[in-house]
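Data file: protein26.cif. Format and content: mmCIF, C-alpha atoms.
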data_data
#
loop_
_atom_site.label_atom_id
_atom_site.label_comp_id
_atom_site.auth_asym_id
_atom_site.auth_seq_id
_atom_site.Cartn_x
_atom_site.Cartn_y
_atom_site.Cartn_z
CA ALA B 664 -77.00 23.32 -13.42
CA HIS B 665 -75.46 21.46 -10.54
CA SER B 666 -71.95 20.67 -9.42
CA PRO B 667 -70.36 17.35 -10.49
CA GLY B 668 -71.06 14.55 -8.07
CA SER B 669 -74.10 16.21 -6.55
CA PRO B 670 -77.55 14.71 -7.11
CA ALA B 671 -79.47 15.97 -10.10
CA PRO B 672 -82.34 18.31 -9.32
CA ALA B 673 -85.75 16.69 -9.15
CA ARG B 674 -87.91 17.30 -12.20
CA ALA B 675 -91.53 18.33 -12.10
CA PRO B 676 -94.01 15.52 -12.63
CA ARG B 677 -94.76 14.76 -16.26
CA ARG B 678 -98.38 15.29 -17.10
CA THR B 679 -100.33 14.59 -20.22
CA PRO B 680 -101.87 17.83 -21.59
CA GLY B 681 -105.39 18.13 -20.28
CA ALA B 682 -104.93 15.26 -17.81
CA ALA B 683 -106.08 15.98 -14.29
CA ALA B 684 -103.94 15.20 -11.25
CA PRO B 685 -105.05 12.15 -9.24
CA VAL B 686 -107.68 12.95 -6.65
CA ASN B 687 -106.10 10.69 -4.04
CA PRO B 688 -103.31 12.69 -2.30
CA TYR B 689 -101.15 9.58 -1.96
CA LEU B 690 -101.35 8.89 -5.69
CA ARG B 691 -100.36 12.51 -6.35
CA LEU B 692 -97.20 11.99 -4.30
CA PHE B 693 -96.10 9.12 -6.49
CA THR B 694 -96.47 11.06 -9.73
CA LEU B 695 -93.15 12.66 -8.80
CA PRO B 696 -90.36 11.07 -10.88
CA GLY B 697 -88.29 8.71 -8.79
CA ALA B 698 -90.68 8.67 -5.81
CA ARG B 699 -91.79 5.08 -6.32
CA ALA B 700 -88.24 3.78 -6.70
CA PHE B 701 -86.80 5.42 -3.60
CA THR B 702 -89.89 4.47 -1.58
CA LEU B 703 -89.55 0.80 -2.56
CA GLY B 704 -85.88 0.77 -1.59
CA ASN B 705 -86.60 2.53 1.68
CA LEU B 706 -89.39 0.10 2.62
CA LEU B 707 -87.07 -2.86 1.99
CA ALA B 708 -84.44 -1.20 4.18
CA ARG B 709 -86.92 -0.27 6.91
CA LEU B 710 -88.59 -3.67 7.36
CA PRO B 711 -85.46 -5.15 9.03
CA MET B 712 -85.62 -2.46 11.71
CA GLY B 713 -88.55 -4.41 13.15
CA MET B 714 -86.71 -7.73 12.68
CA PHE B 715 -83.24 -7.22 14.13
CA GLY B 716 -84.27 -6.83 17.77
CA VAL B 717 -86.58 -9.83 17.92
CA SER B 718 -84.10 -11.95 15.93
CA ALA B 719 -81.28 -11.12 18.33
CA VAL B 720 -83.39 -11.87 21.41
CA ILE B 721 -84.48 -15.26 20.05
CA LEU B 722 -80.93 -16.14 18.93
CA ILE B 723 -79.25 -15.23 22.23
CA ALA B 724 -81.99 -16.71 24.40
CA GLU B 725 -81.85 -19.95 22.41
CA THR B 726 -78.07 -20.35 22.53
CA TYR B 727 -77.36 -18.94 26.00
CA GLY B 728 -80.65 -19.76 27.72
CA SER B 729 -80.96 -16.27 29.16
CA TYR B 730 -83.55 -13.64 28.27
CA ALA B 731 -81.80 -11.28 30.70
CA LEU B 732 -78.61 -11.45 28.61
CA ALA B 733 -80.60 -11.03 25.40
CA GLY B 734 -82.32 -7.95 26.78
CA ALA B 735 -79.07 -6.46 28.06
CA VAL B 736 -77.36 -6.92 24.68
CA GLY B 737 -80.34 -5.33 22.94
CA ALA B 738 -80.26 -2.36 25.32
CA ALA B 739 -76.52 -1.94 24.71
CA GLY B 740 -77.07 -1.85 20.95
CA LEU B 741 -79.89 0.67 21.36
CA PHE B 742 -77.71 2.89 23.54
CA ALA B 743 -74.80 2.74 21.09
CA GLY B 744 -77.12 3.60 18.20
CA ALA B 745 -78.53 6.57 20.10
CA LEU B 746 -75.00 7.95 20.53
CA THR B 747 -73.92 7.53 16.90
CA ALA B 748 -77.15 8.29 15.02
CA PRO B 749 -76.90 12.13 15.14
CA TRP B 750 -73.31 11.98 13.91
CA ILE B 751 -74.20 9.65 11.03
CA ALA B 752 -77.07 11.99 10.11
CA ARG B 753 -74.74 15.02 10.20
CA LEU B 754 -72.39 13.27 7.78
CA VAL B 755 -75.37 12.46 5.53
CA ASP B 756 -76.33 16.15 5.44
CA ARG B 757 -72.77 17.20 4.71
CA TYR B 758 -71.68 14.60 2.17
CA GLY B 759 -74.92 13.17 0.78
CA GLN B 760 -77.13 10.17 1.46
CA ALA B 761 -75.49 7.78 -1.01
CA ARG B 762 -71.89 8.51 0.02
CA ILE B 763 -72.55 7.92 3.73
CA ALA B 764 -75.53 5.55 3.94
CA VAL B 765 -74.00 2.75 1.84
CA PRO B 766 -70.70 2.31 3.73
CA ALA B 767 -72.47 2.87 7.06
CA THR B 768 -74.96 0.13 6.18
CA VAL B 769 -72.23 -2.29 5.08
CA HIS B 770 -70.48 -1.72 8.42
CA ALA B 771 -73.70 -2.30 10.36
CA VAL B 772 -74.56 -5.47 8.41
CA LEU B 773 -71.08 -6.87 9.03
CA GLY B 774 -71.62 -6.14 12.72
CA ARG B 775 -74.87 -8.13 12.65
CA LEU B 776 -73.11 -11.07 11.00
CA VAL B 777 -70.27 -11.00 13.55
CA LEU B 778 -72.84 -10.92 16.36
CA LEU B 779 -74.56 -13.91 14.75
CA LEU B 780 -71.28 -15.84 14.60
CA CYS B 781 -70.40 -15.04 18.21
CA ALA B 782 -73.83 -16.04 19.49
CA SER B 783 -73.93 -19.24 17.42
CA ALA B 784 -70.49 -20.23 18.76
CA GLN B 785 -71.55 -19.36 22.33
CA ALA B 786 -68.61 -16.98 22.66
CA PRO B 787 -68.10 -15.22 26.02
CA ALA B 788 -70.93 -12.82 26.82
CA TRP B 789 -68.68 -9.76 26.62
CA THR B 790 -68.15 -10.42 22.90
CA LEU B 791 -71.88 -9.96 22.32
CA PHE B 792 -71.78 -6.50 23.87
CA ALA B 793 -68.65 -5.61 21.88
CA THR B 794 -70.01 -6.78 18.54
CA THR B 795 -73.47 -5.24 18.97
CA ALA B 796 -71.73 -1.85 19.14
CA LEU B 797 -70.55 -2.45 15.55
CA THR B 798 -74.15 -2.26 14.36
CA ALA B 799 -74.56 1.32 15.62
CA THR B 800 -73.64 2.84 12.24
CA ALA B 801 -77.00 1.91 10.69
CA PRO B 802 -78.40 5.09 9.07
CA ASN B 803 -81.85 6.44 9.84
CA THR B 804 -83.61 5.28 6.67
CA GLY B 805 -86.95 6.79 7.67
CA GLY B 806 -85.34 10.18 8.24
CA MET B 807 -83.60 10.07 4.86
CA SER B 808 -86.89 9.27 3.15
CA ARG B 809 -88.65 12.17 4.91
CA ALA B 810 -85.79 14.47 3.87
CA ARG B 811 -86.33 13.46 0.23
CA TRP B 812 -90.02 14.28 0.42
CA ALA B 813 -89.23 17.67 1.98
CA HIS B 814 -86.80 18.38 -0.87
CA LEU B 815 -89.13 17.22 -3.64
CA LEU B 816 -92.17 19.09 -2.32
CA LYS B 817 -90.60 22.37 -1.19
CA ASP B 818 -91.61 24.23 -4.38
CA ALA B 819 -94.95 22.50 -4.90
CA PRO B 820 -98.03 24.78 -5.07
CA ASP B 821 -99.62 22.89 -2.16
CA ALA B 822 -96.33 22.11 -0.41
CA LYS B 823 -97.72 22.17 3.13
CA ALA B 824 -100.58 19.77 2.40
CA ALA B 825 -98.40 17.50 0.28
CA LEU B 826 -95.72 17.30 2.97
CA HIS B 827 -98.40 16.47 5.52
CA THR B 828 -99.54 13.57 3.33
CA ALA B 829 -95.95 12.42 2.78
CA ASN B 830 -95.23 12.42 6.51
CA ALA B 831 -98.43 10.49 7.15
CA PHE B 832 -97.41 7.89 4.58
CA GLU B 833 -93.97 7.56 6.17
CA GLN B 834 -95.46 7.07 9.62
CA ALA B 835 -97.89 4.46 8.31
CA ALA B 836 -94.93 2.71 6.67
CA ASP B 837 -93.10 2.74 10.00
CA GLU B 838 -96.05 1.14 11.74
CA LEU B 839 -96.46 -1.46 9.00
CA CYS B 840 -92.78 -2.45 9.17
CA PHE B 841 -92.79 -2.68 12.96
CA MET B 842 -95.99 -4.71 12.76
CA LEU B 843 -94.76 -7.21 10.15
CA GLY B 844 -91.04 -7.27 11.05
CA PRO B 845 -91.28 -9.02 14.44
CA VAL B 846 -93.79 -11.55 13.10
CA LEU B 847 -91.55 -12.38 10.12
CA ALA B 848 -88.47 -12.60 12.33
CA ALA B 849 -90.14 -14.90 14.83
CA PHE B 850 -91.42 -17.15 12.02
CA LEU B 851 -88.00 -17.44 10.37
CA CYS B 852 -86.20 -18.15 13.65
CA SER B 853 -88.68 -20.83 14.70
CA ALA B 854 -89.34 -22.44 11.31
CA LEU B 855 -85.72 -22.53 10.08
CA PHE B 856 -82.99 -21.93 12.67
CA PRO B 857 -82.33 -19.25 15.35
CA GLY B 858 -80.06 -17.15 13.15
CA ALA B 859 -82.36 -17.11 10.10
CA GLY B 860 -84.08 -13.89 11.10
CA THR B 861 -80.79 -12.03 11.38
CA LEU B 862 -79.55 -13.30 8.01
CA VAL B 863 -82.73 -12.38 6.13
CA ALA B 864 -82.94 -8.98 7.84
CA ALA B 865 -79.32 -8.20 6.97
CA ALA B 866 -79.89 -9.12 3.31
CA LEU B 867 -83.04 -7.00 3.09
CA PHE B 868 -81.37 -4.06 4.82
CA LEU B 869 -78.35 -3.99 2.50
CA THR B 870 -80.46 -4.51 -0.65
CA GLY B 871 -82.93 -1.80 0.33
CA VAL B 872 -80.26 0.80 1.12
CA LEU B 873 -78.41 0.08 -2.14
CA LEU B 874 -81.64 0.52 -4.14
CA PHE B 875 -82.55 3.66 -2.17
CA ALA B 876 -79.11 5.23 -2.60
CA ALA B 877 -79.12 4.51 -6.33
CA GLN B 878 -81.99 6.99 -6.84
CA ARG B 879 -79.74 10.04 -7.13
CA SER B 880 -82.28 12.30 -8.89
CA THR B 881 -84.38 12.57 -5.73
CA GLU B 882 -81.51 12.96 -3.27
CA PRO B 883 -81.43 16.29 -1.41
CA PRO B 884 -78.42 18.51 -2.23
CA VAL B 885 -75.45 18.29 0.10
CA ALA B 886 -74.25 21.14 2.30
CA PRO B 887 -70.43 20.76 2.47
CA ARG B 888 -70.03 23.91 4.52
CA THR B 889 -72.88 23.97 6.95
CA THR B 890 -73.86 27.49 7.90
CA GLY B 891 -77.07 26.63 9.72
CA ARG B 892 -77.07 26.35 13.47
CA SER B 893 -77.29 23.00 15.16
CA PRO B 894 -80.88 21.71 15.37
CA LEU B 895 -80.41 21.50 19.14
CA ARG B 896 -80.05 25.29 19.22
CA ALA B 897 -83.23 25.95 17.25
CA PRO B 898 -85.88 27.64 19.43
CA GLY B 899 -88.31 25.03 20.68
CA MET B 900 -86.26 21.99 19.61
CA PRO B 901 -84.98 20.93 23.08
CA ALA B 902 -88.52 21.11 24.44
CA LEU B 903 -89.86 19.12 21.49
CA LEU B 904 -87.19 16.46 22.01
CA ALA B 905 -88.27 16.17 25.65
CA VAL B 906 -91.82 15.55 24.42
CA PHE B 907 -90.52 12.87 22.03
CA LEU B 908 -88.62 11.26 24.91
CA ALA B 909 -91.79 10.94 26.99
CA THR B 910 -93.75 9.75 23.93
CA GLY B 911 -91.21 7.01 23.29
CA ALA B 912 -91.71 5.82 26.87
CA VAL B 913 -95.37 5.21 25.99
CA PHE B 914 -94.40 2.76 23.26
CA GLY B 915 -91.69 0.98 25.24
CA ALA B 916 -93.87 0.55 28.30
CA MET B 917 -96.91 -0.65 26.36
CA GLU B 918 -94.89 -3.35 24.57
CA ILE B 919 -93.22 -4.89 27.61
CA VAL B 920 -96.33 -4.64 29.80
CA THR B 921 -98.50 -6.36 27.19
CA LEU B 922 -95.93 -9.14 26.70
CA ALA B 923 -95.87 -9.70 30.46
CA TYR B 924 -99.65 -9.52 30.84
CA VAL B 925 -100.54 -11.89 28.00
CA ASP B 926 -97.49 -14.15 28.60
CA GLY B 927 -98.05 -16.50 25.70
CA PRO B 928 -98.07 -16.92 21.91
CA ALA B 929 -101.05 -14.58 21.61
CA ALA B 930 -98.97 -11.63 22.85
CA GLY B 931 -97.49 -10.85 19.43
CA PRO B 932 -100.77 -10.69 17.49
CA VAL B 933 -102.49 -8.76 20.30
CA LEU B 934 -99.69 -6.21 20.42
CA ALA B 935 -99.67 -5.94 16.62
CA LEU B 936 -103.21 -4.56 16.76
CA GLN B 937 -101.84 -1.33 18.22
CA ALA B 938 -99.57 -0.92 15.20
CA ALA B 939 -102.47 -1.81 12.90
CA GLY B 940 -104.62 0.92 14.45
CA SER B 941 -101.79 3.43 14.11
CA CYS B 942 -101.17 2.47 10.47
CA ALA B 943 -104.86 2.91 9.57
CA ALA B 944 -105.07 6.22 11.43
CA GLY B 945 -101.91 7.47 9.75
CA LEU B 946 -103.26 6.82 6.26
CA ALA B 947 -106.57 8.50 7.12
CA TYR B 948 -104.77 11.46 8.72
CA GLY B 949 -102.72 11.97 5.57
CA ARG B 950 -105.90 12.49 3.54
CA ALA B 951 -107.28 15.08 5.94
CA ARG B 952 -107.32 18.63 4.63
CA ARG B 953 -106.21 20.07 7.95
CA SER B 954 -103.61 18.87 10.43
CA ALA B 955 -104.13 18.78 14.16
CA ARG B 956 -101.97 20.55 16.73
CA LEU B 957 -99.52 18.58 18.83
CA PRO B 958 -101.17 19.30 22.23
CA GLY B 959 -104.49 18.00 20.90
CA CYS B 960 -102.86 14.82 19.59
CA LEU B 961 -101.09 14.23 22.91
CA ALA B 962 -104.31 14.84 24.86
CA ALA B 963 -106.09 12.21 22.75
CA MET B 964 -103.19 9.81 23.27
CA ALA B 965 -103.21 10.30 27.04
CA ALA B 966 -106.96 9.62 27.13
CA LEU B 967 -106.97 6.52 24.92
CA MET B 968 -103.89 4.99 26.54
CA ALA B 969 -106.09 4.47 29.61
CA LEU B 970 -108.25 2.00 27.64
CA PRO B 971 -105.76 -0.92 27.85
CA LEU B 972 -105.58 -0.39 31.62
CA LEU B 973 -109.36 -0.56 31.92
CA ALA B 974 -109.52 -3.58 29.59
CA ALA B 975 -106.84 -5.41 31.59
CA LEU B 976 -108.91 -4.95 34.73
CA THR B 977 -111.68 -7.02 33.13
CA GLY B 978 -109.32 -9.94 32.49
CA SER B 979 -110.64 -10.31 28.93
CA LEU B 980 -107.99 -10.80 26.23
CA LEU B 981 -110.53 -9.78 23.57
CA ALA B 982 -111.22 -6.52 25.41
CA LEU B 983 -107.49 -5.83 25.65
CA ALA B 984 -107.04 -6.46 21.93
CA GLY B 985 -109.80 -3.97 21.10
CA ALA B 986 -108.40 -1.41 23.54
CA LEU B 987 -104.94 -1.63 21.98
CA LEU B 988 -106.44 -1.17 18.52
CA LEU B 989 -108.23 2.00 19.68
CA ALA B 990 -105.18 3.30 21.56
CA GLY B 991 -103.10 2.85 18.41
CA LEU B 992 -105.33 5.30 16.54
CA THR B 993 -103.61 8.20 18.31
CA ILE B 994 -100.02 7.19 17.61
CA ALA B 995 -99.55 8.01 13.93
CA PRO B 996 -101.31 11.43 14.03
CA THR B 997 -99.14 12.38 17.02
CA MET B 998 -95.93 11.29 15.32
CA VAL B 999 -96.83 12.89 11.98
CA THR B 1000 -97.59 16.21 13.69
CA GLY B 1001 -94.42 16.01 15.76
CA MET B 1002 -92.17 15.12 12.80
CA THR B 1003 -93.68 17.93 10.73
CA LEU B 1004 -92.85 20.34 13.54
CA VAL B 1005 -89.28 18.99 13.63
CA GLN B 1006 -88.97 19.74 9.91
CA ARG B 1007 -90.15 23.31 10.49
CA LEU B 1008 -87.75 23.91 13.37
CA THR B 1009 -84.69 22.37 11.71
CA PRO B 1010 -82.41 24.40 9.37
CA PRO B 1011 -82.79 23.00 5.83
CA ASP B 1012 -79.12 21.95 5.57
CA ARG B 1013 -79.36 19.94 8.81
CA LEU B 1014 -82.66 18.19 8.13
CA ASN B 1015 -81.39 14.61 8.44
CA GLU B 1016 -79.67 15.50 11.70
CA GLY B 1017 -82.79 17.13 13.13
CA MET B 1018 -85.07 14.21 12.36
CA THR B 1019 -82.49 11.73 13.62
CA LEU B 1020 -82.33 13.63 16.92
CA ALA B 1021 -86.09 13.16 17.18
CA VAL B 1022 -85.77 9.43 16.50
CA THR B 1023 -82.94 9.20 19.04
CA ALA B 1024 -85.15 10.86 21.66
CA LEU B 1025 -87.92 8.38 20.84
CA LEU B 1026 -85.56 5.43 21.19
CA GLY B 1027 -84.29 6.74 24.50
CA GLY B 1028 -87.88 6.96 25.67
CA VAL B 1029 -88.59 3.44 24.43
CA ALA B 1030 -85.68 2.11 26.51
CA ALA B 1031 -86.81 4.03 29.61
CA GLY B 1032 -90.43 2.95 29.13
CA SER B 1033 -89.39 -0.69 28.73
CA ALA B 1034 -87.41 -0.54 31.96
CA LEU B 1035 -90.26 1.10 33.86
CA GLY B 1036 -92.91 -1.23 32.43
CA GLY B 1037 -90.78 -4.28 33.13
CA TRP B 1038 -90.17 -3.22 36.74
CA LEU B 1039 -93.86 -2.60 37.34
CA SER B 1040 -94.84 -5.89 35.72
CA GLU B 1041 -92.47 -7.79 38.01
CA HIS B 1042 -92.78 -5.88 41.30
CA ALA B 1043 -96.30 -4.42 41.28
CA PRO B 1044 -99.08 -6.37 43.03
CA THR B 1045 -100.50 -7.45 39.66
CA THR B 1046 -99.29 -7.27 36.06
CA THR B 1047 -102.28 -5.06 35.32
CA CYS B 1048 -100.58 -2.26 37.27
CA GLY B 1049 -97.95 -2.15 34.54
CA TYR B 1050 -100.47 -0.42 32.28
CA LEU B 1051 -100.12 2.64 34.51
CA ALA B 1052 -96.73 3.26 32.89
CA PRO B 1053 -97.93 4.18 29.35
CA VAL B 1054 -100.75 6.30 30.76
CA THR B 1055 -98.28 8.19 32.96
CA ALA B 1056 -95.81 8.65 30.12
CA ALA B 1057 -98.49 9.97 27.75
CA THR B 1058 -99.71 12.41 30.40
CA LEU B 1059 -96.14 13.56 31.01
CA ALA B 1060 -95.66 14.19 27.27
CA LEU B 1061 -98.80 16.34 27.22
CA LEU B 1062 -97.74 18.32 30.30
CA LEU B 1063 -94.25 18.91 28.86
CA CYS B 1064 -95.77 20.12 25.58
CA LEU B 1065 -98.03 22.59 27.39
CA ALA B 1066 -95.46 23.74 29.96
CA THR B 1067 -92.65 24.39 27.46
CA GLY B 1068 -94.81 26.22 24.94
CA VAL B 1069 -94.25 23.77 22.08
CA GLY B 1070 -97.90 24.07 21.12
CA ARG B 1071 -97.73 27.86 21.18
CA ARG B 1072 -94.69 27.96 18.89
CA GLU B 1073 -96.42 25.52 16.56
CA ARG B 1074 -99.45 27.81 16.32
CA GLU B 1075 -97.27 30.87 15.68
CA ARG B 1076 -95.38 29.14 12.87
CA LYS B 1077 -98.64 28.19 11.16
CA ARG B 1078 -99.74 31.80 10.93
#
Same coordinates, now as structure tokens:
Amino acid sequence: AHSPGSPAPARAPRRTPGAAAPVNPYLRLFTLPGARAFTLGNLLARLPMGMFGVSAVILIAETYGSYALAGAVGAAGLFAGALTAPWIARLVDRYGQARIAVPATVHAVLGRLVLLLCASAQAPAWTLFATTALTATAPNTGGMSRARWAHLLKDAPDAKAALHTANAFEQAADELCFMLGPVLAAFLCSALFPGAGTLVAAALFLTGVLLFAAQRSTEPPVAPRTTGRSPLRAPGMPALLAVFLATGAVFGAMEIVTLAYVDGPAAGPVLALQAAGSCAAGLAYGRARRSARLPGCLAAMAALMALPLLAALTGSLLALAGALLLAGLTIAPTMVTGMTLVQRLTPPDRLNEGMTLAVTALLGGVAAGSALGGWLSEHAPTTTCGYLAPVTAATLALLLCLATGVGRRERERKR
């Protein structure tokens, strides 16, 4: 039994007597009732996350003739989202995904439309900063999806392995959306009109969240009176967030440095190869019987992030493309391992909040990495020097992990 208004408990997968479970671990995940429906909705809602930023940059740069203004507005929106995201996630944990995510999404979509109107009308620049703050209520759709998997799989006989596979799938989905989203946004804005990317992204975002929220049978139960401590007070969580901050700097620096180095239409496809490598590695990692430890993943990332630097020294665009593909192989395993550790450290009734804190730390790192990579690309003797930024950030993430004992706590929790 469950209280009125709360989501119905998830049912065990229906199986035909004598039928064997699918061998593929990903297919086994989607035998859970409702899993396919909420995943489809979440993917529709997540694709625009890779579209909004590029769409806004193209729109503002086209109408105002300033990439500096476009970048500043984007940074302001990112900062506002980092401030509000943990609070939105806390409300989701307390009142439920459907009750909070839908109105929060409507508010964010309206903010995007107002920003589109202001930019199209060439309103004063301050209005762009004011309206981009309205979009900061967008819920963390990836975190909500991971929370559903954690809820559905908590009583499974092979819960640990199944959750590992689910997290790997979610990370691969992230990479796929951030690989396809910018390409789709750029195509829409150039083929139709500058605001087309924003309009399509807003429609997809609202439709996806509505479909996702409608799947009430898979929604985790709410915790109206939270008794668990804040995720920030969980032993090891502050140190892990510091690692996520440095890891985010790797991604932000690599993106801006590659855009500056290639400086042409080939920059997008070349950069997308990193996401493609991460997506492929994430799917393969999800099928592995054993998961790696976070220090090992970070060590591999620090080593392979040096490949783009070496490739850039040769001056060959083909070599750089291959180096980015190889460097991307370390991203998804690192993020899957880190997110799994976040789930272990976070009290069950604050799961959305804990994972949103991790995403917020990543976004903060992305902003810092973009700033550092951009400065190096502009002021260093050559643009190639900019590739020192992701290598340095990856090394810093590894050193923080080792110095704070995150890897040791991870090992102890596995015992």
Residue nearest B:Ala782 - candidates B:Pro1053, B:Pro845, B:Gly728, B:Gly1068, atoms counted: all atoms listed in the file: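 Closest candidate: B:Gly728.
Ranking B:Leu706, B:Leu1020, B:Leu1059, B:Leu989 by their shortest atom-to-atom distance to B:Leu961, with all atoms listed in the file included, puts B:Leu1059 first.
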At most 8 Å is the cut-off: for each residue in stretch 821-877 of chain B with any atom that close to an atom of stretch 786-810 of chain B, write down the nearest atom pair and the distance in Å rounded to one decimal, counting all atoms listed in the file, chain first then increasing number, as a Markdown table.
| residue | atom | partner | partner_atom | distance |
| --- | --- | --- | --- | --- |
| B:Ala829 | CA | B:Arg809 | CA | 7.6 |
| B:Asn830 | CA | B:Arg809 | CA | 6.8 |
| B:Glu833 | CA | B:Arg809 | CA | 7.2 |
| B:Asp837 | CA | B:Gly805 | CA | 7.7 |
| B:Val872 | CA | B:Thr804 | CA | 7.9 |
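Considering the residues B:Gly860, B:Pro884, B:Gly844, B:Gly949 and counting all atoms listed in the file, B:His814 has its shortest atom-to-atom contact with B:Pro884.
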If you apply the PyMOL selection byres ((chain B and resi 749) around 6) to this file, what residues do you get, as a list of chain:residue names?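 Applying the PyMOL selection byres ((chain B and resi 749) around 6) to the structure shown produces B:Thr747, B:Ala748, B:Trp750, B:Ile751, B:Ala752, B:Glu1016, B:Thr1019, B:Leu1020.
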Expanded to explicit residues, what is the PyMOL selection byres ((chain B and resi 712) around 9) for this file, as JSON, numbers by chain? {"B": [708, 709, 710, 711, 713, 714, 715, 716, 840, 841, 844, 864, 868]}
Select all residues near (-84.4, -10.7, 16.4) (cut-off 12 Å, inclusive, file coordinates), counting all atoms listed in the file, and output them as a PyMOL selection string. chain B and resi 711-725+733-734+736-737+775+778-779+844-853+856-865
Using all atoms listed in the file, which of B:Ala962, B:Ala876, B:Ala984, B:Val1054 sits nearest B:Ala764? B:Ala876
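With distances restricted to all atoms listed in the file, B:Ala771 is the closest residue to B:Gly740 from B:Ala771, B:Leu707, B:Leu839, B:Met964.
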As a compact mmCIF listing (two decimals), in the coordinates of the input, could you write out stretch 812-825 of chain B once it has been completed with N, CA, C and O atoms?
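Saved the output as rebuild19.txt:
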# COMPACT_ATOMS: atom_id res chain seq x y z
N TRP B 812 -88.70 13.70 0.68
CA TRP B 812 -90.02 14.28 0.42
C TRP B 812 -89.99 15.79 0.64
O TRP B 812 -90.57 16.56 -0.14
N ALA B 813 -89.32 16.23 1.71
CA ALA B 813 -89.23 17.67 1.98
C ALA B 813 -88.53 18.39 0.83
O ALA B 813 -88.92 19.51 0.45
N HIS B 814 -87.52 17.77 0.26
CA HIS B 814 -86.80 18.38 -0.87
C HIS B 814 -87.66 18.40 -2.13
O HIS B 814 -87.73 19.43 -2.83
N LEU B 815 -88.33 17.31 -2.41
CA LEU B 815 -89.13 17.22 -3.64
C LEU B 815 -90.35 18.14 -3.61
O LEU B 815 -90.78 18.64 -4.66
N LEU B 816 -90.90 18.37 -2.43
CA LEU B 816 -92.17 19.09 -2.32
C LEU B 816 -92.01 20.56 -1.93
O LEU B 816 -93.01 21.26 -1.80
N LYS B 817 -90.78 21.02 -1.73
CA LYS B 817 -90.60 22.37 -1.19
C LYS B 817 -91.13 23.46 -2.12
O LYS B 817 -91.54 24.53 -1.66
N ASP B 818 -91.13 23.22 -3.43
CA ASP B 818 -91.61 24.23 -4.38
C ASP B 818 -92.98 23.89 -4.95
O ASP B 818 -93.42 24.54 -5.91
N ALA B 819 -93.63 22.88 -4.41
CA ALA B 819 -94.95 22.50 -4.90
C ALA B 819 -95.98 23.56 -4.54
O ALA B 819 -95.86 24.22 -3.49
N PRO B 820 -97.01 23.77 -5.37
CA PRO B 820 -98.03 24.78 -5.07
C PRO B 820 -98.73 24.52 -3.74
O PRO B 820 -99.07 25.45 -3.03
N ASP B 821 -98.96 23.26 -3.42
CA ASP B 821 -99.62 22.89 -2.16
C ASP B 821 -98.62 22.17 -1.26
O ASP B 821 -98.89 21.10 -0.73
N ALA B 822 -97.44 22.77 -1.09
CA ALA B 822 -96.33 22.11 -0.41
C ALA B 822 -96.70 21.66 1.00
O ALA B 822 -96.35 20.55 1.41
N LYS B 823 -97.40 22.50 1.74
CA LYS B 823 -97.72 22.17 3.13
C LYS B 823 -98.62 20.94 3.21
O LYS B 823 -98.37 20.02 4.00
N ALA B 824 -99.66 20.90 2.38
CA ALA B 824 -100.58 19.77 2.40
C ALA B 824 -99.89 18.50 1.89
O ALA B 824 -100.10 17.41 2.42
N ALA B 825 -99.08 18.66 0.84
CA ALA B 825 -98.40 17.50 0.28
C ALA B 825 -97.39 16.92 1.27
O ALA B 825 -97.26 15.69 1.39
